>>> print(open('query-v3.tsv').read())   # TSV, C-alpha atoms and all ligand atoms
chain	number	residue	atom	x	y	z
A	1	MET	CA	-26.72	2.47	78.18
A	2	SER	CA	-30.53	2.56	78.36
A	3	GLU	CA	-32.79	2.43	81.40
A	4	ALA	CA	-33.05	-1.31	80.80
A	5	ALA	CA	-29.71	-1.49	82.66
A	6	ASN	CA	-31.67	-0.83	85.87
A	7	TYR	CA	-34.58	-3.13	85.04
A	8	SER	CA	-36.08	-4.99	87.99
A	9	ALA	CA	-39.41	-6.74	88.45
A	10	SER	CA	-40.81	-9.14	90.98
A	11	GLU	CA	-42.47	-12.41	89.89
A	12	THR	CA	-44.22	-15.25	91.71
A	13	LEU	CA	-43.51	-18.82	90.63
A	14	ARG	CA	-46.37	-21.29	90.26
A	15	ASP	CA	-45.33	-22.87	93.57
A	16	GLY	CA	-45.63	-19.50	95.31
A	17	ARG	CA	-41.91	-18.66	95.62
A	18	ARG	CA	-40.95	-15.08	94.82
A	19	VAL	CA	-38.11	-14.25	92.45
A	20	GLU	CA	-36.64	-11.09	91.00
A	21	ILE	CA	-36.11	-10.64	87.28
A	22	ARG	CA	-33.48	-7.99	86.84
A	23	ALA	CA	-30.84	-6.65	84.49
A	24	LEU	CA	-27.59	-8.63	84.39
A	25	ARG	CA	-24.79	-6.80	86.23
A	26	PRO	CA	-21.02	-6.89	85.76
A	27	GLY	CA	-20.73	-8.49	89.22
A	28	ASP	CA	-22.82	-11.49	88.15
A	29	ARG	CA	-19.89	-13.47	86.68
A	30	ALA	CA	-19.66	-16.00	89.54
A	31	GLY	CA	-23.44	-16.30	89.84
A	32	LEU	CA	-23.83	-16.89	86.13
A	33	LEU	CA	-21.13	-19.57	86.03
A	34	ALA	CA	-22.66	-21.25	89.10
A	35	ALA	CA	-26.03	-21.31	87.33
A	36	VAL	CA	-24.52	-22.94	84.23
A	37	GLY	CA	-23.18	-25.67	86.53
A	38	ARG	CA	-26.75	-26.43	87.64
A	39	VAL	CA	-28.26	-26.76	84.15
A	40	SER	CA	-28.72	-30.31	82.85
A	41	THR	CA	-26.85	-31.61	79.82
A	42	GLN	CA	-30.11	-31.73	77.84
A	43	SER	CA	-30.97	-28.12	78.69
A	44	LEU	CA	-27.46	-26.95	77.75
A	45	TYR	CA	-27.81	-28.75	74.45
A	46	ARG	CA	-31.14	-27.06	73.79
A	47	ARG	CA	-29.64	-23.65	74.56
A	48	PHE	CA	-26.32	-23.96	72.71
A	49	PHE	CA	-27.02	-26.85	70.29
A	50	ALA	CA	-23.98	-28.49	71.86
A	51	VAL	CA	-23.18	-29.73	75.34
A	52	LYS	CA	-21.25	-26.78	76.54
A	53	ARG	CA	-20.39	-26.78	80.20
A	54	SER	CA	-17.26	-24.67	80.34
A	55	PHE	CA	-16.79	-21.27	78.81
A	56	SER	CA	-13.54	-19.49	78.04
A	57	GLU	CA	-12.82	-16.11	79.67
A	58	ARG	CA	-13.60	-14.56	76.31
A	59	GLU	CA	-16.97	-16.27	76.00
A	60	THR	CA	-17.83	-15.35	79.59
A	61	ASP	CA	-16.85	-11.74	78.89
A	62	PHE	CA	-19.17	-11.78	75.89
A	63	PHE	CA	-22.11	-12.95	78.03
A	64	LEU	CA	-21.37	-10.30	80.69
A	65	ASN	CA	-20.54	-7.45	78.35
A	66	VAL	CA	-24.09	-6.25	77.90
A	67	ASP	CA	-24.68	-2.68	76.69
A	68	PHE	CA	-28.47	-2.75	77.20
A	69	VAL	CA	-28.97	-1.30	73.74
A	70	ASP	CA	-27.87	-3.94	71.22
A	71	HIS	CA	-27.36	-6.64	73.83
A	72	VAL	CA	-29.88	-6.89	76.65
A	73	ALA	CA	-29.72	-9.59	79.33
A	74	LEU	CA	-32.02	-10.32	82.26
A	75	VAL	CA	-31.44	-12.83	85.05
A	76	VAL	CA	-33.84	-14.53	87.44
A	77	VAL	CA	-32.69	-14.34	91.05
A	78	ALA	CA	-34.18	-16.65	93.68
A	79	GLU	CA	-33.40	-16.76	97.37
A	80	GLU	CA	-31.83	-20.07	98.34
A	81	ASN	CA	-30.77	-20.64	101.95
A	82	GLY	CA	-31.00	-16.92	102.54
A	83	GLN	CA	-28.67	-16.15	99.63
A	84	PRO	CA	-29.54	-14.76	96.19
A	85	ALA	CA	-28.89	-17.28	93.39
A	86	ILE	CA	-29.21	-16.86	89.63
A	87	VAL	CA	-31.58	-19.58	88.40
A	88	GLY	CA	-32.25	-18.47	84.85
A	89	GLY	CA	-31.85	-15.78	82.28
A	90	GLY	CA	-32.80	-14.50	78.89
A	91	ARG	CA	-31.13	-12.18	76.46
A	92	TYR	CA	-31.45	-10.64	73.07
A	93	ILE	CA	-28.83	-9.41	70.66
A	94	VAL	CA	-29.70	-7.05	67.83
A	95	VAL	CA	-28.70	-8.78	64.59
A	96	GLU	CA	-29.91	-6.13	62.15
A	97	PRO	CA	-31.83	-2.88	62.52
A	98	GLY	CA	-35.21	-3.56	64.15
A	99	ARG	CA	-34.54	-7.25	64.73
A	100	ALA	CA	-32.93	-9.15	67.61
A	101	GLU	CA	-32.20	-12.79	68.34
A	102	VAL	CA	-33.49	-14.02	71.67
A	103	ALA	CA	-32.41	-16.98	73.82
A	104	PHE	CA	-33.28	-18.30	77.28
A	105	ALA	CA	-32.11	-20.79	79.87
A	106	VAL	CA	-33.78	-21.71	83.15
A	107	ILE	CA	-32.09	-24.22	85.45
A	108	ASP	CA	-33.98	-27.51	85.43
A	109	ASP	CA	-35.22	-27.31	89.04
A	110	TYR	CA	-37.05	-24.11	88.16
A	111	GLN	CA	-38.48	-25.06	84.76
A	112	GLY	CA	-42.24	-25.29	84.27
A	113	GLN	CA	-42.87	-22.53	86.83
A	114	GLY	CA	-43.64	-19.79	84.34
A	115	LEU	CA	-40.15	-18.25	84.28
A	116	GLY	CA	-39.62	-18.73	80.55
A	117	ALA	CA	-42.89	-16.91	79.90
A	118	ALA	CA	-42.00	-14.15	82.38
A	119	LEU	CA	-38.55	-13.61	80.83
A	120	MET	CA	-40.17	-13.49	77.40
A	121	ARG	CA	-42.68	-10.89	78.58
A	122	HIS	CA	-40.02	-8.65	80.16
A	123	LEU	CA	-37.63	-8.91	77.20
A	124	ALA	CA	-40.48	-8.12	74.79
A	125	THR	CA	-41.41	-5.07	76.88
A	126	ILE	CA	-37.83	-3.77	76.74
A	127	ALA	CA	-37.51	-4.58	73.04
A	128	ARG	CA	-40.76	-2.77	72.20
A	129	ALA	CA	-39.72	0.27	74.24
A	130	THR	CA	-36.50	0.54	72.25
A	131	GLY	CA	-38.40	0.35	68.96
A	132	LEU	CA	-37.48	-3.18	67.88
A	133	GLU	CA	-39.97	-4.75	65.48
A	134	GLU	CA	-39.13	-8.45	65.57
A	135	LEU	CA	-37.55	-11.05	67.79
A	136	ILE	CA	-36.14	-14.14	66.14
A	137	ALA	CA	-34.94	-17.44	67.59
A	138	GLU	CA	-33.56	-20.76	66.48
A	139	VAL	CA	-35.15	-23.58	68.42
A	140	LEU	CA	-34.64	-27.33	68.20
A	141	ALA	CA	-37.87	-28.82	66.85
A	142	GLU	CA	-38.08	-31.18	69.87
A	143	ASN	CA	-37.95	-28.21	72.29
A	144	ALA	CA	-41.68	-28.09	73.03
A	145	ALA	CA	-41.26	-25.91	76.13
A	146	MET	CA	-39.48	-23.11	74.26
A	147	LEU	CA	-41.92	-23.23	71.36
A	148	LYS	CA	-44.79	-23.07	73.84
A	149	VAL	CA	-43.29	-20.00	75.55
A	150	PHE	CA	-43.16	-18.25	72.16
A	151	GLU	CA	-46.72	-19.34	71.29
A	152	LYS	CA	-48.01	-18.08	74.65
A	153	SER	CA	-46.25	-14.72	74.25
A	154	GLY	CA	-49.19	-13.16	72.42
A	155	CYS	CA	-46.85	-11.90	69.70
A	156	PRO	CA	-47.85	-12.89	66.15
A	157	MET	CA	-45.51	-15.80	65.31
A	158	ARG	CA	-44.13	-17.26	62.09
A	159	THR	CA	-42.11	-20.46	61.96
A	160	LYS	CA	-39.98	-22.11	59.34
A	161	ARG	CA	-38.59	-25.56	59.90
A	162	GLU	CA	-35.25	-26.65	58.45
A	163	ALA	CA	-34.20	-30.17	59.44
A	164	ASP	CA	-34.13	-30.25	63.27
A	165	VAL	CA	-34.32	-26.49	63.74
A	166	VAL	CA	-37.35	-24.22	63.81
A	167	HIS	CA	-36.69	-20.59	62.89
A	168	VAL	CA	-39.12	-18.48	64.89
A	169	THR	CA	-40.08	-14.88	64.12
A	170	LEU	CA	-42.19	-12.92	66.60
A	171	ARG	CA	-43.71	-9.60	65.62
A	172	LEU	CA	-43.55	-7.02	68.42
A	173	ALA	CA	-46.83	-5.31	67.73
A	174	GLU	CA	-47.71	-2.30	69.85
A	175	GLN	CA	-49.63	-3.30	72.95
A	176	GLY	CA	-51.95	-0.78	74.34
B	201	LIG	C1	-37.25	-23.35	77.29
B	201	LIG	C2	-37.21	-22.82	78.73
B	201	LIG	C3	-36.45	-21.51	78.76
B	201	LIG	C4	-38.65	-22.58	79.20
B	201	LIG	O1	-38.60	-22.09	80.51
B	201	LIG	P1	-39.70	-22.48	81.60
B	201	LIG	O2	-39.46	-21.64	82.78
B	201	LIG	O3	-39.76	-23.93	81.78
B	201	LIG	O4	-41.02	-21.97	80.82
B	201	LIG	P2	-42.51	-21.83	81.33
B	201	LIG	O5	-42.68	-22.54	82.64
B	201	LIG	O6	-42.88	-20.41	81.27
B	201	LIG	O7	-43.34	-22.51	80.16
B	201	LIG	C5	-42.98	-23.76	79.62
B	201	LIG	C6	-44.23	-24.34	78.98
B	201	LIG	O8	-43.86	-25.47	78.21
B	201	LIG	C7	-44.61	-26.58	78.66
B	201	LIG	N1	-43.81	-27.76	78.42
B	201	LIG	C8	-42.70	-28.15	79.03
B	201	LIG	N2	-42.26	-29.30	78.51
B	201	LIG	C9	-43.13	-29.63	77.53
B	201	LIG	C10	-43.24	-30.72	76.65
B	201	LIG	N3	-42.33	-31.68	76.62
B	201	LIG	N4	-44.27	-30.73	75.78
B	201	LIG	C11	-45.19	-29.75	75.77
B	201	LIG	N5	-45.15	-28.69	76.61
B	201	LIG	C12	-44.13	-28.64	77.47
B	201	LIG	C13	-44.92	-26.29	80.08
B	201	LIG	O9	-46.01	-27.04	80.57
B	201	LIG	C14	-45.23	-24.81	80.03
B	201	LIG	O10	-46.51	-24.57	79.48
B	201	LIG	P3	-47.72	-24.00	80.39
B	201	LIG	O11	-47.31	-22.62	80.79
B	201	LIG	O12	-48.90	-24.00	79.49
B	201	LIG	O13	-47.82	-24.94	81.55
B	201	LIG	C15	-36.56	-23.85	79.69
B	201	LIG	O14	-37.24	-25.07	79.57
B	201	LIG	C16	-35.09	-24.05	79.41
B	201	LIG	O15	-34.25	-23.36	79.96
B	201	LIG	N6	-34.74	-25.05	78.56
B	201	LIG	C17	-33.35	-25.33	78.26
B	201	LIG	C18	-32.70	-24.24	77.43
B	201	LIG	C19	-33.46	-23.93	76.17
B	201	LIG	O16	-34.12	-24.77	75.61
B	201	LIG	N7	-33.34	-22.70	75.70
B	201	LIG	C20	-34.01	-22.25	74.51
B	201	LIG	C21	-33.01	-21.84	73.48
B	201	LIG	S1	-33.70	-20.58	72.42
>>> encode(input="query-v3.tsv", output="structure tokens")
Amino acid sequence: MSEAANYSASETLRDGRRVEIRALRPGDRAGLLAAVGRVSTQSLYRRFFAVKRSFSERETDFFLNVDFVDHVALVVVAEENGQPAIVGGGRYIVVEPGRAEVAFAVIDDYQGQGLGAALMRHLATIARATGLEELIAEVLAENAAMLKVFEKSGCPMRTKREADVVHVTLRLAEQG
């Protein structure tokens, strides 16, 4: 378990609301499932390439079973009616030495507020600190928001399109 397991940062949305971006915790099961229930069908499709609204216990365990070395997950927590609520998240999974696959989902009400970019920035910081060299992603070609988040990341980017899917490779150059 790396120090990423205790990661926490504060962010301000474009509309001025404050949120916390922090490491996923084992106790987040209910919050994560509640967040999935608030994501639109189109957003779920863009995340999973299928409309997936219910997850088996096994799948849920997989999403929660994060070791913060080969599988790192961050969530965005907003305060809603005085209660913390998960409104988005991003994760990466190491697929081969030096290289991890990244994926994000922000609930629709919170999209376009800079959270995708913030999650990308925090995940890239963690990935760089652990010595990863590249982040890869598979993105539907129509998913302009996700492609824009990658373009804005400042990481050198390569893309390869195959049918409806764009394979994205981001180089995690040292930032000094
Ligand atoms: C992709 C996603 C994570 C981005 O999160 P977000 O919080 O909306 O991202 P941001 O607000 O940081 O940035 C989105 C950018 O895309 C832009 N954008 C959104 N829709 C767009 C469109 N149709 N065409 C062009 N640009 C678009 C926004 O204006 C913004 O750019 P800006 O910062 O220059 O204004 C979010 O939309 C999402 O959860 N989508 C569904 C799941 C998904 O697609 N996951 C990706 C699987 S890898």
>>> residues_near_ligand(input="query-v3.tsv", ligand="ligand LIG 201 (chain B)", cutoff="9 Å", atoms="only C-alpha atoms and all ligand atoms", output="PyMOL selection string")
chain A and resi 13-14+39-40+42-49+88-90+101-108+110-120+137-140+142-149+152
>>> atom_distance(input="query-v3.tsv", atom1="CA of Arg91 in chain A", atom2="CA of Ala34 in chain A")
17.7 Å
>>> residues_around(input="query-v3.tsv", residues="range 75-78 of chain A", least_positions_apart="6", cutoff="8 Å", atoms="only C-alpha atoms", output="JSON, numbers by chain")
{"A": [18, 19, 20, 21, 22, 23, 24, 84, 85, 86, 87, 88, 89, 90, 115]}
>>> residues_near_point(input="query-v3.tsv", point="(-32.0, -2.3, 79.2)", cutoff="7 Å", atoms="all atoms listed in the file", output="ChimeraX atom specification")
/A:2-7,23,68-69,72,126
>>> atom_distance(input="query-v3.tsv", atom1="CA of Asp70 in chain A", atom2="CA of Arg38 in chain A")
27.9 Å
>>> residues_around(input="query-v3.tsv", residues="Arg171 in chain A", least_positions_apart="6", cutoff="10 Å", atoms="only C-alpha atoms", output="list in words")
Arg99, Ala124, Arg128, Leu132, Glu133, Glu134, Leu135, Ile136, Gly154, Cys155, Pro156, Met157 and Arg158 of chain A
>>> decode(input="query-v3.tsv", residues="range 82-93 of chain A", atoms="N, CA, C and O atoms", output="mmCIF file, in the first residue's frame")
data_model
loop_
_atom_site.group_PDB
_atom_site.id
_atom_site.type_symbol
_atom_site.label_atom_id
_atom_site.label_comp_id
_atom_site.auth_asym_id
_atom_site.auth_seq_id
_atom_site.Cartn_x
_atom_site.Cartn_y
_atom_site.Cartn_z
ATOM 1 N N GLY A 82 -25.693 18.822 3.318
ATOM 2 C CA GLY A 82 -24.922 18.600 4.543
ATOM 3 C C GLY A 82 -24.272 17.234 4.648
ATOM 4 O O GLY A 82 -23.632 16.922 5.657
ATOM 5 N N GLN A 83 -24.451 16.415 3.609
ATOM 6 C CA GLN A 83 -23.888 15.057 3.632
ATOM 7 C C GLN A 83 -22.844 14.896 2.532
ATOM 8 O O GLN A 83 -23.035 15.430 1.435
ATOM 9 N N PRO A 84 -21.766 14.129 2.784
ATOM 10 C CA PRO A 84 -20.818 13.882 1.701
ATOM 11 C C PRO A 84 -21.412 12.904 0.673
ATOM 12 O O PRO A 84 -22.061 11.931 1.051
ATOM 13 N N ALA A 85 -21.218 13.201 -0.604
ATOM 14 C CA ALA A 85 -21.720 12.316 -1.669
ATOM 15 C C ALA A 85 -20.631 12.155 -2.717
ATOM 16 O O ALA A 85 -19.991 13.136 -3.117
ATOM 17 N N ILE A 86 -20.433 10.908 -3.157
ATOM 18 C CA ILE A 86 -19.474 10.663 -4.245
ATOM 19 C C ILE A 86 -20.135 11.097 -5.552
ATOM 20 O O ILE A 86 -21.244 10.657 -5.879
ATOM 21 N N VAL A 87 -19.459 11.972 -6.294
ATOM 22 C CA VAL A 87 -20.038 12.483 -7.542
ATOM 23 C C VAL A 87 -19.156 12.181 -8.760
ATOM 24 O O VAL A 87 -19.477 12.569 -9.880
ATOM 25 N N GLY A 88 -18.056 11.498 -8.544
ATOM 26 C CA GLY A 88 -17.207 11.132 -9.665
ATOM 27 C C GLY A 88 -16.007 10.358 -9.184
ATOM 28 O O GLY A 88 -15.788 10.210 -7.969
ATOM 29 N N GLY A 89 -15.263 9.860 -10.143
ATOM 30 C CA GLY A 89 -14.065 9.115 -9.768
ATOM 31 C C GLY A 89 -13.209 8.822 -10.980
ATOM 32 O O GLY A 89 -13.649 8.970 -12.131
ATOM 33 N N GLY A 90 -11.996 8.458 -10.698
ATOM 34 C CA GLY A 90 -11.068 8.065 -11.750
ATOM 35 C C GLY A 90 -10.131 7.028 -11.187
ATOM 36 O O GLY A 90 -9.869 7.012 -9.978
ATOM 37 N N ARG A 91 -9.686 6.137 -12.060
ATOM 38 C CA ARG A 91 -8.785 5.088 -11.572
ATOM 39 C C ARG A 91 -7.809 4.700 -12.655
ATOM 40 O O ARG A 91 -8.037 4.940 -13.839
ATOM 41 N N TYR A 92 -6.701 4.094 -12.221
ATOM 42 C CA TYR A 92 -5.849 3.449 -13.204
ATOM 43 C C TYR A 92 -5.458 2.070 -12.708
ATOM 44 O O TYR A 92 -5.406 1.825 -11.504
ATOM 45 N N ILE A 93 -5.233 1.204 -13.662
ATOM 46 C CA ILE A 93 -4.825 -0.168 -13.377
ATOM 47 C C ILE A 93 -3.584 -0.438 -14.212
ATOM 48 O O ILE A 93 -3.583 -0.207 -15.431
#
